[in-house]
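Asks: Next comes start.pdb, PDB, C-alpha atoms:
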```pdb
ATOM      1  CA  MET T   1       7.265 -47.830   5.756
ATOM      2  CA  ILE T   2       6.209 -47.063   2.207
ATOM      3  CA  GLY T   3       3.160 -48.521   0.494
ATOM      4  CA  LEU T   4      -0.569 -48.527   0.003
ATOM      5  CA  ARG T   5      -2.973 -49.743   2.666
ATOM      6  CA  THR T   6      -6.744 -50.129   2.629
ATOM      7  CA  VAL T   7      -8.902 -49.360   5.630
ATOM      8  CA  PRO T   8     -12.197 -51.298   5.275
ATOM      9  CA  ARG T   9     -15.584 -49.820   6.116
ATOM     10  CA  GLY T  10     -16.406 -50.029   9.798
ATOM     11  CA  GLU T  11     -12.772 -49.926  10.937
ATOM     12  CA  ARG T  12     -10.500 -47.190  12.226
ATOM     13  CA  VAL T  13      -6.733 -46.943  12.289
ATOM     14  CA  ALA T  14      -4.089 -44.764  13.898
ATOM     15  CA  VAL T  15      -1.321 -43.570  11.546
ATOM     16  CA  TRP T  16       1.940 -42.611  13.267
ATOM     17  CA  ASN T  17       4.589 -40.527  11.503
ATOM     18  CA  LYS T  18       8.315 -40.374  12.190
ATOM     19  CA  ARG T  19       7.881 -37.410  14.601
ATOM     20  CA  GLY T  20       5.570 -39.454  16.838
ATOM     21  CA  GLU T  21       2.429 -37.648  15.771
ATOM     22  CA  VAL T  22      -0.782 -39.562  15.174
ATOM     23  CA  ARG T  23      -3.825 -39.110  13.016
ATOM     24  CA  TYR T  24      -6.956 -41.242  12.967
ATOM     25  CA  VAL T  25      -8.530 -42.507   9.770
ATOM     26  CA  ASN T  26     -11.983 -44.063   9.375
ATOM     27  CA  GLY T  27     -12.708 -46.584   6.634
ATOM     28  CA  PRO T  28     -13.316 -47.002   3.842
ATOM     29  CA  ARG T  29     -10.057 -45.291   2.818
ATOM     30  CA  ARG T  30      -7.080 -46.030   0.633
ATOM     31  CA  LEU T  31      -3.892 -44.747   2.290
ATOM     32  CA  PHE T  32      -0.452 -44.066   0.899
ATOM     33  CA  LEU T  33       2.079 -44.481   3.695
ATOM     34  CA  PHE T  34       5.510 -42.851   3.516
ATOM     35  CA  ARG T  35       7.665 -43.374   6.551
ATOM     36  CA  GLU T  36       4.502 -43.916   8.570
ATOM     37  CA  ARG T  37       3.200 -46.778  10.685
ATOM     38  CA  LEU T  38      -0.417 -47.958  10.757
ATOM     39  CA  GLU T  39      -2.099 -49.423  13.845
ATOM     40  CA  LEU T  40      -5.590 -50.940  13.908
ATOM     41  CA  LEU T  41      -7.845 -49.577  16.662
ATOM     42  CA  ARG T  42     -10.432 -51.431  18.692
ATOM     43  CA  ARG T  43     -14.069 -50.400  18.933
ATOM     44  CA  TYR T  44     -15.877 -50.852  22.251
ATOM     45  CA  SER T  45     -19.672 -51.030  22.336
ATOM     46  CA  ALA T  46     -22.138 -51.308  25.208
ATOM     47  CA  ALA T  47     -25.619 -52.705  24.663
ATOM     48  CA  SER T  48     -28.726 -51.833  26.639
ATOM     49  CA  GLY T  49     -28.100 -52.776  30.255
ATOM     50  CA  GLU T  50     -24.353 -52.152  29.917
ATOM     51  CA  TYR T  51     -22.048 -49.151  30.173
ATOM     52  CA  LEU T  52     -18.542 -48.130  29.121
ATOM     53  CA  ALA T  53     -15.988 -47.323  31.831
ATOM     54  CA  VAL T  54     -13.379 -45.112  30.163
ATOM     55  CA  ARG T  55     -10.202 -44.343  32.074
ATOM     56  CA  PHE T  56      -8.075 -41.474  30.773
ATOM     57  CA  ARG T  57      -4.325 -41.124  31.068
ATOM     58  CA  ASP T  58      -4.711 -37.977  33.184
ATOM     59  CA  GLY T  59      -6.519 -40.014  35.878
ATOM     60  CA  ARG T  60     -10.104 -39.124  35.015
ATOM     61  CA  THR T  61     -12.764 -41.812  34.655
ATOM     62  CA  GLU T  62     -15.980 -41.477  32.659
ATOM     63  CA  HIS T  63     -18.951 -43.842  32.515
ATOM     64  CA  ILE T  64     -21.121 -43.878  29.381
ATOM     65  CA  MET T  65     -24.549 -45.552  29.509
ATOM     66  CA  GLY T  66     -25.378 -47.946  26.677
ATOM     67  CA  PRO T  67     -26.360 -48.324  23.958
ATOM     68  CA  ALA T  68     -23.112 -46.545  23.082
ATOM     69  CA  GLU T  69     -19.806 -47.101  21.324
ATOM     70  CA  ILE T  70     -16.344 -45.591  21.491
ATOM     71  CA  TRP T  71     -13.141 -46.079  19.554
ATOM     72  CA  GLU T  72      -9.889 -46.713  21.339
ATOM     73  CA  ASP T  73      -7.776 -43.552  21.594
ATOM     74  CA  LEU T  74      -4.106 -44.423  22.025
ATOM     75  CA  VAL T  75      -3.227 -40.932  23.207
ATOM     76  CA  GLU T  76      -6.115 -40.139  25.597
ATOM     77  CA  HIS T  77      -7.313 -43.497  26.904
ATOM     78  CA  SER T  78      -5.597 -45.658  29.492
ATOM     79  CA  SER T  79      -8.269 -48.394  29.317
ATOM     80  CA  VAL T  80     -11.861 -49.003  28.242
ATOM     81  CA  GLU T  81     -14.093 -51.662  29.815
ATOM     82  CA  VAL T  82     -17.604 -52.857  29.033
ATOM     83  CA  ARG T  83     -19.473 -53.466  32.302
ATOM     84  CA  LYS T  84     -22.929 -54.690  33.237
ATOM     85  CA  CYS T  85     -25.410 -52.340  34.872
ATOM     86  CA  LEU T  86     -26.824 -53.593  38.149
ATOM     87  CA  ALA T  87     -30.441 -54.706  37.793
ATOM     88  CA  VAL T  88     -32.397 -53.804  40.936
ATOM     89  CA  ASN T  89     -35.777 -55.538  41.154
ATOM     90  CA  ALA T  90     -38.927 -54.055  42.691
ATOM     91  CA  HIS T  91     -38.343 -55.827  46.036
ATOM     92  CA  GLU T  92     -34.679 -54.810  46.284
ATOM     93  CA  ALA T  93     -32.614 -51.759  47.241
ATOM     94  CA  ILE T  94     -28.940 -50.828  47.047
ATOM     95  CA  VAL T  95     -26.838 -48.404  49.090
ATOM     96  CA  VAL T  96     -24.682 -46.034  47.025
ATOM     97  CA  TYR T  97     -21.812 -43.887  48.319
ATOM     98  CA  ARG T  98     -20.644 -40.814  46.408
ATOM     99  CA  ARG T  99     -17.504 -38.761  46.872
ATOM    100  CA  GLU T 100     -18.072 -35.031  46.512
ATOM    101  CA  GLY T 101     -14.952 -32.997  47.149
ATOM    102  CA  GLY T 102     -13.640 -34.008  50.552
ATOM    103  CA  GLU T 103     -16.928 -35.496  51.766
ATOM    104  CA  VAL T 104     -18.757 -38.759  51.154
ATOM    105  CA  GLY T 105     -22.541 -38.925  50.866
ATOM    106  CA  ARG T 106     -24.891 -41.893  50.978
ATOM    107  CA  ARG T 107     -28.195 -42.635  49.288
ATOM    108  CA  VAL T 108     -30.542 -45.595  48.929
ATOM    109  CA  VAL T 109     -31.702 -46.600  45.437
ATOM    110  CA  ARG T 110     -34.874 -48.687  45.353
ATOM    111  CA  GLY T 111     -35.974 -50.837  42.440
ATOM    112  CA  PRO T 112     -37.103 -51.365  39.854
ATOM    113  CA  ALA T 113     -34.035 -49.747  38.317
ATOM    114  CA  MET T 114     -31.083 -50.368  36.025
ATOM    115  CA  PHE T 115     -28.263 -48.770  37.997
ATOM    116  CA  MET T 116     -25.036 -47.414  36.505
ATOM    117  CA  PRO T 117     -22.609 -45.929  39.047
ATOM    118  CA  THR T 118     -20.787 -42.742  38.106
ATOM    119  CA  ALA T 119     -17.017 -42.541  38.343
ATOM    120  CA  GLU T 120     -17.350 -41.105  41.871
ATOM    121  CA  GLU T 121     -19.782 -43.723  43.197
ATOM    122  CA  TRP T 122     -19.465 -47.195  44.678
ATOM    123  CA  LEU T 123     -21.806 -49.718  46.278
ATOM    124  CA  HIS T 124     -22.042 -50.863  49.871
ATOM    125  CA  ARG T 125     -21.190 -54.562  50.159
ATOM    126  CA  PHE T 126     -22.928 -56.352  53.015
ATOM    127  CA  SER T 127     -21.324 -59.175  54.981
ATOM    128  CA  TRP T 128     -23.768 -60.950  57.310
ATOM    129  CA  HIS T 129     -24.144 -64.196  59.222
ATOM    130  CA  GLY T 130     -25.511 -67.028  57.097
ATOM    131  CA  ALA T 131     -25.829 -70.799  56.916
ATOM    132  CA  ASP T 132     -22.601 -72.770  57.074
ATOM    133  CA  PRO T 133     -22.202 -74.610  53.706
ATOM    134  CA  LYS T 134     -20.849 -77.659  55.539
ATOM    135  CA  ARG T 135     -23.498 -77.593  58.284
ATOM    136  CA  PRO T 136     -26.629 -75.753  57.115
ATOM    137  CA  ASP T 137     -28.176 -75.870  60.610
ATOM    138  CA  ARG T 138     -25.465 -73.502  61.902
ATOM    139  CA  LYS T 139     -24.988 -69.765  61.286
ATOM    140  CA  VAL T 140     -21.450 -68.485  60.703
ATOM    141  CA  PRO T 141     -20.045 -64.950  60.225
ATOM    142  CA  ARG T 142     -19.627 -63.478  56.710
ATOM    143  CA  ALA T 143     -21.433 -66.352  55.010
ATOM    144  CA  LEU T 144     -23.761 -63.896  53.205
ATOM    145  CA  GLN T 145     -21.943 -61.515  50.837
ATOM    146  CA  PHE T 146     -24.223 -59.334  48.721
ATOM    147  CA  GLU T 147     -24.981 -55.805  47.452
ATOM    148  CA  LYS T 148     -28.780 -55.877  47.058
ATOM    149  CA  LEU T 149     -31.049 -55.706  50.110
ATOM    150  CA  TRP T 150     -34.450 -57.379  50.216
ATOM    151  CA  VAL T 151     -37.146 -54.921  51.310
ATOM    152  CA  ILE T 152     -39.908 -57.538  51.476
ATOM    153  CA  PRO T 153     -40.784 -59.929  54.338
ATOM    154  CA  ASP T 154     -38.150 -62.615  54.839
ATOM    155  CA  GLN T 155     -37.435 -65.432  57.283
ATOM    156  CA  MET T 156     -34.598 -67.477  58.693
ATOM    157  CA  TYR T 157     -34.219 -70.829  60.438
ATOM    158  CA  PHE T 158     -32.250 -70.846  63.670
ATOM    159  CA  ASP T 159     -31.587 -73.446  66.374
ATOM    160  CA  VAL T 160     -30.797 -72.204  69.880
ATOM    161  CA  ARG T 161     -28.331 -74.771  71.195
ATOM    162  CA  ASP T 162     -27.319 -75.849  74.692
ATOM    163  CA  VAL T 163     -30.315 -74.412  76.537
ATOM    164  CA  ARG T 164     -30.612 -75.719  80.116
ATOM    165  CA  THR T 165     -33.860 -76.157  81.990
ATOM    166  CA  ALA T 166     -34.203 -75.576  85.730
ATOM    167  CA  ASP T 167     -33.458 -79.275  86.353
ATOM    168  CA  ASP T 168     -30.354 -79.202  84.069
ATOM    169  CA  ALA T 169     -31.815 -80.898  81.004
ATOM    170  CA  LEU T 170     -29.837 -79.783  77.935
ATOM    171  CA  LEU T 171     -32.027 -78.888  74.918
ATOM    172  CA  LYS T 172     -31.829 -77.529  71.384
ATOM    173  CA  ILE T 173     -34.794 -75.282  70.498
ATOM    174  CA  LYS T 174     -35.695 -75.029  66.797
ATOM    175  CA  LEU T 175     -37.223 -71.751  65.582
ATOM    176  CA  MET T 176     -38.159 -69.854  62.437
ATOM    177  CA  VAL T 177     -38.027 -66.037  62.652
ATOM    178  CA  PHE T 178     -40.060 -63.864  60.244
ATOM    179  CA  PHE T 179     -38.933 -60.251  59.761
ATOM    180  CA  GLU T 180     -39.166 -57.266  57.408
ATOM    181  CA  LEU T 181     -36.771 -54.385  56.720
ATOM    182  CA  VAL T 182     -38.704 -51.118  57.165
ATOM    183  CA  ASP T 183     -35.952 -48.474  57.593
ATOM    184  CA  VAL T 184     -32.762 -48.934  55.581
ATOM    185  CA  GLU T 185     -31.068 -45.788  56.925
ATOM    186  CA  ARG T 186     -31.582 -46.853  60.535
ATOM    187  CA  MET T 187     -30.243 -50.316  59.776
ATOM    188  CA  LEU T 188     -27.087 -48.827  58.207
ATOM    189  CA  ASP T 189     -26.506 -46.490  61.145
ATOM    190  CA  ARG T 190     -27.096 -48.959  63.981
ATOM    191  CA  THR T 191     -25.838 -52.364  62.911
ATOM    192  CA  HIS T 192     -23.373 -54.021  60.576
ATOM    193  CA  ASP T 193     -24.981 -57.476  60.803
ATOM    194  CA  PRO T 194     -28.737 -57.692  61.594
ATOM    195  CA  ILE T 195     -28.721 -61.494  61.495
ATOM    196  CA  ALA T 196     -26.139 -61.608  64.291
ATOM    197  CA  ASP T 197     -28.331 -59.224  66.303
ATOM    198  CA  PHE T 198     -31.359 -61.480  65.762
ATOM    199  CA  ILE T 199     -29.374 -64.549  66.804
ATOM    200  CA  ASN T 200     -28.143 -62.954  70.034
ATOM    201  CA  ALA T 201     -31.551 -61.508  70.960
ATOM    202  CA  VAL T 202     -33.612 -64.632  70.254
ATOM    203  CA  SER T 203     -31.061 -66.789  72.108
ATOM    204  CA  ALA T 204     -31.373 -64.544  75.158
ATOM    205  CA  ASP T 205     -35.173 -64.738  75.040
ATOM    206  CA  VAL T 206     -35.206 -68.537  74.739
ATOM    207  CA  ILE T 207     -32.677 -68.977  77.559
ATOM    208  CA  ASP T 208     -34.758 -66.713  79.816
ATOM    209  CA  PHE T 209     -37.916 -68.692  79.024
ATOM    210  CA  VAL T 210     -36.516 -72.209  79.320
ATOM    211  CA  GLY T 211     -34.188 -71.511  82.256
ATOM    212  CA  GLY T 212     -37.080 -70.986  84.657
ATOM    213  CA  LEU T 213     -38.878 -74.231  83.796
ATOM    214  CA  THR T 214     -38.260 -77.877  84.561
ATOM    215  CA  PHE T 215     -38.122 -80.253  81.616
ATOM    216  CA  GLU T 216     -41.641 -81.544  82.257
ATOM    217  CA  ARG T 217     -42.987 -78.017  82.713
ATOM    218  CA  PHE T 218     -41.222 -76.915  79.523
ATOM    219  CA  LYS T 219     -43.028 -79.614  77.529
ATOM    220  CA  GLU T 220     -46.339 -78.300  78.869
ATOM    221  CA  ARG T 221     -45.475 -74.672  77.972
ATOM    222  CA  THR T 222     -44.031 -75.097  74.449
ATOM    223  CA  GLU T 223     -47.016 -73.283  72.881
ATOM    224  CA  ALA T 224     -45.655 -70.061  74.436
ATOM    225  CA  LEU T 225     -42.681 -70.271  72.061
ATOM    226  CA  ASN T 226     -45.101 -69.420  69.221
ATOM    227  CA  ASP T 227     -46.168 -66.226  71.015
ATOM    228  CA  LEU T 228     -44.305 -63.089  69.913
ATOM    229  CA  GLY T 229     -44.673 -61.735  73.445
ATOM    230  CA  THR T 230     -42.113 -64.319  74.597
ATOM    231  CA  TYR T 231     -39.443 -62.615  72.479
ATOM    232  CA  ALA T 232     -39.325 -59.132  73.994
ATOM    233  CA  GLN T 233     -35.581 -58.653  73.442
ATOM    234  CA  LEU T 234     -35.814 -59.795  69.817
ATOM    235  CA  ALA T 235     -38.692 -57.429  69.035
ATOM    236  CA  ALA T 236     -36.952 -54.491  70.760
ATOM    237  CA  ARG T 237     -33.640 -55.103  68.984
ATOM    238  CA  GLY T 238     -35.367 -55.464  65.626
ATOM    239  CA  GLU T 239     -37.168 -52.142  66.059
ATOM    240  CA  ARG T 240     -33.924 -50.445  67.134
ATOM    241  CA  ILE T 241     -32.118 -51.453  63.920
ATOM    242  CA  GLY T 242     -34.961 -50.768  61.480
ATOM    243  CA  TYR T 243     -36.627 -54.193  61.292
ATOM    244  CA  ARG T 244     -40.092 -55.396  62.261
ATOM    245  CA  ILE T 245     -40.316 -58.904  63.728
ATOM    246  CA  THR T 246     -43.641 -60.236  62.482
ATOM    247  CA  LYS T 247     -43.698 -63.799  63.817
ATOM    248  CA  VAL T 248     -41.663 -66.531  65.484
ATOM    249  CA  VAL T 249     -42.572 -70.166  64.843
ATOM    250  CA  TYR T 250     -41.546 -72.931  67.238
ATOM    251  CA  ARG T 251     -40.403 -75.975  65.240
ATOM    252  CA  GLY T 252     -39.764 -78.394  68.093
ATOM    253  CA  TYR T 253     -36.898 -79.291  70.392
ATOM    254  CA  HIS T 254     -34.158 -81.877  70.562
ATOM    255  CA  ALA T 255     -32.670 -83.234  73.775
ATOM    256  CA  ASN T 256     -29.295 -84.920  74.157
ATOM    257  CA  ASP T 257     -29.250 -88.600  73.219
ATOM    258  CA  LYS T 258     -29.368 -89.956  76.771
ATOM    259  CA  LEU T 259     -32.216 -87.698  77.865
ATOM    260  CA  GLN T 260     -34.078 -88.368  74.643
ATOM    261  CA  GLU T 261     -33.700 -92.119  75.179
ATOM    262  CA  MET T 262     -35.071 -91.787  78.707
ATOM    263  CA  HIS T 263     -37.932 -89.654  77.439
ATOM    264  CA  ASP T 264     -38.749 -92.182  74.693
ATOM    265  CA  THR T 265     -38.673 -95.010  77.242
ATOM    266  CA  ALA T 266     -41.032 -93.089  79.516
ATOM    267  CA  ILE T 267     -43.428 -92.531  76.615
ATOM    268  CA  GLU T 268     -43.349 -96.212  75.737
ATOM    269  CA  THR T 269     -43.957 -97.162  79.370
ATOM    270  CA  ARG T 270     -46.892 -94.773  79.753
ATOM    271  CA  THR T 271     -48.409 -96.004  76.494
ATOM    272  CA  ARG T 272     -48.015 -99.670  77.537
ATOM    273  CA  LEU T 273     -49.568 -99.050  80.949
ATOM    274  CA  LYS T 274     -52.452 -97.157  79.379
ATOM    275  CA  LEU T 275     -53.125-100.032  76.977
ATOM    276  CA  GLU T 276     -52.886-102.584  79.783
ATOM    277  CA  ALA T 277     -55.322-100.542  81.900
ATOM    278  CA  GLU T 278     -57.757-100.342  78.991
ATOM    279  CA  THR T 279     -57.466-104.087  78.428
ATOM    280  CA  GLU T 280     -58.065-104.811  82.110
ATOM    281  CA  ARG T 281     -61.061-102.478  82.190
ATOM    282  CA  GLN T 282     -62.656-104.219  79.216
ATOM    283  CA  SER T 283     -61.949-107.589  80.839
ATOM    284  CA  GLN T 284     -63.684-106.511  84.063
ATOM    285  CA  GLU T 285     -66.694-105.232  82.110
ATOM    286  CA  LEU T 286     -66.920-108.561  80.334
ATOM    287  CA  GLU T 287     -66.885-110.411  83.678
ATOM    288  CA  ASP T 288     -69.583-108.123  85.002
ATOM    289  CA  LEU T 289     -71.705-108.823  81.912
ATOM    290  CA  LYS T 290     -71.340-112.577  82.417
ATOM    291  CA  LEU T 291     -72.428-112.330  86.054
TER     292      LEU T 291
END
```
Starting from the file, lay out its structure as structure tokens.
Replies:
Amino acid sequence: MIGLRTVPRGERVAVWNKRGEVRYVNGPRRLFLFRERLELLRRYSAASGEYLAVRFRDGRTEHIMGPAEIWEDLVEHSSVEVRKCLAVNAHEAIVVYRREGGEVGRRVVRGPAMFMPTAEEWLHRFSWHGADPKRPDRKVPRALQFEKLWVIPDQMYFDVRDVRTADDALLKIKLMVFFELVDVERMLDRTHDPIADFINAVSADVIDFVGGLTFERFKERTEALNDLGTYAQLAARGERIGYRITKVVYRGYHANDKLQEMHDTAIETRTRLKLEAETERQSQELEDLKL
């Protein structure tokens, strides 16, 4: 190729000769090309809160925190990407793994922070039980996928299903569990899914409590389901995996349709008899007054 080419200000080009050698030219320049080929290069820039992930042809990877810029190098670079830093708020924490030689280390980064992983680091991705999108009242495995832990008090709704009383009444117990993560390292070492642990422990506690009571006795003792002492297994499991169970709130129960219908009928009957007794009492008092 023979001719004149202009490289504008703010641009950069690679000029290849017939021997396959390259030279880089920054604008503004006026170039005379003789048996040379010109190729326009791309400039990558990362703003504040971003970083450049530069992969070299020899296998190395380098991360450059923004604000920064870099020109494409056709000889050295395999790829260049602009990525977002991970914003970690004050009530959040992330778990970072780092490869050092033949070993892998782990550290916890607490917010507030703007985190940029190095080329040898990666984040722990959590996969926990969560609400089923189709049936929010149910918990299903791997419904929660995230990288940032909450290190402030949190809560979850959970219904313990198919709980039988001593007289074989089948109930669903509705609860709200309040908890707080106090030891991230212990949680990482002793469980892969704290929500599943909470579900199993609180279900065991509720079954133990309800299983020893008749249906009528259960209705008289429901206030005990608001007492944290009722949930010994839940509290012990929470402490073992780095959580503190602060409170459990009883939100009511639901019986099967037939039992609930019988219960509603009994309530209506008792209410009607009470009203009839009150009416009869007032009638007798009126007769006494007349006499």
Asks: Can you give me, as an MDAnalysis selection string, the residues this file yields under the PyMOL selection byres ((chain T and resi 177) around 6)?
Replies: chainID T and resid 155:156 176 178 248
Asks: Show me, as JSON, numbers by chain, the residues that have an atom within 9 Å of Val140 in chain T when counting only C-alpha atoms, minus same-chain residues fewer than 5 positions from it.
Replies: {"T": [128, 129, 130, 131, 132]}
Asks: Show me as a list in words the residues that reach within 12 Å of (-17.5, -41.8, 41.0), counting all atoms listed in the file and using the file's own coordinates.
Replies: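 With a cut-off of 12 Å, the residues come to Ala53, Arg55, Arg60, Thr61, Glu62, His63, Val96, Tyr97, Arg98, Arg99, Glu100, Gly101, Val104, Gly105, Met116, Pro117, Thr118, Ala119, Glu120, Glu121, Trp122 and Leu123 of chain T.
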Asks: Exactly which residues make up the result of the PyMOL selection byres ((chain T and resi 22-24) around 10) on this file, given as a ChimeraX atom specification?
Replies: /T:12-21,25-26,36-41,73-75
Asks: From (-39.9, -53.1, 55.6), in the file's coordinates, out to 12 Å: which residues are reached, counting all atoms listed in the file? Answer as a PyMOL selection string.
Replies: chain T and resi 91-93+149-154+178-187+238-239+241-246
Asks: Rounded to one decimal in Å, what is the spacing between CA of Tyr44 in chain T and CA of Val95 in chain T?
Replies: 29.1 Å
Asks: Report as number ranges by chain the residues that result from applying the PyMOL selection byres ((chain T and resi 43) around 9) to the structure here.
Replies: T: 11-12, 41-42, 44-45, 69-72
Asks: Can you work out which one of T:Arg281, T:Glu103, T:Leu52, T:Leu291 has the shortest atom-to-atom distance to Ser79 in chain T, counting all atoms listed in the file?
Replies: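 Closest to Ser79 in chain T, using all atoms listed in the file: T:Leu52.
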Asks: Could you state the separation of CA of Arg138 in chain T and CA of Ile94 in chain T in Å, given to one decimal place?
Replies: 27.3 Å
Asks: Kindly give the distance, in Å, that separates CA of Val160 in chain T and CA of Asp189 in chain T, rounded to a single decimal.
Replies: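 Distance reported for this atom pair: 27.5 Å.
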Asks: Have a look at T:Phe158, T:Phe209, T:Phe146, T:Phe215 and name the one nearest to Val249 in chain T; count only C-alpha atoms.
Replies: T:Phe158
Asks: Looking at all atoms listed in the file, which of T:Asp137, T:Asp205, T:Asp197, T:Asp58 is the one that sits closest to Ala232 in chain T?
Replies: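 Nearest candidate to Ala232 in chain T out of T:Asp137, T:Asp205, T:Asp197, T:Asp58: T:Asp205.
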Asks: Smallest atom-to-atom distance to Ala46 in chain T: which of T:Leu31, T:Val163, T:Val82, T:Leu275, using all atoms listed in the file?
Replies: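 Between T:Leu31, T:Val163, T:Val82, T:Leu275, the residue approaching Ala46 in chain T most closely is T:Val82.
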Asks: When you count all atoms listed in the file, which of these residues is closest to Tyr51 in chain T: T:Val88, T:Met114, T:Leu175, T:Ile2?
Replies: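 Closest residue, counting all atoms listed in the file: T:Met114.
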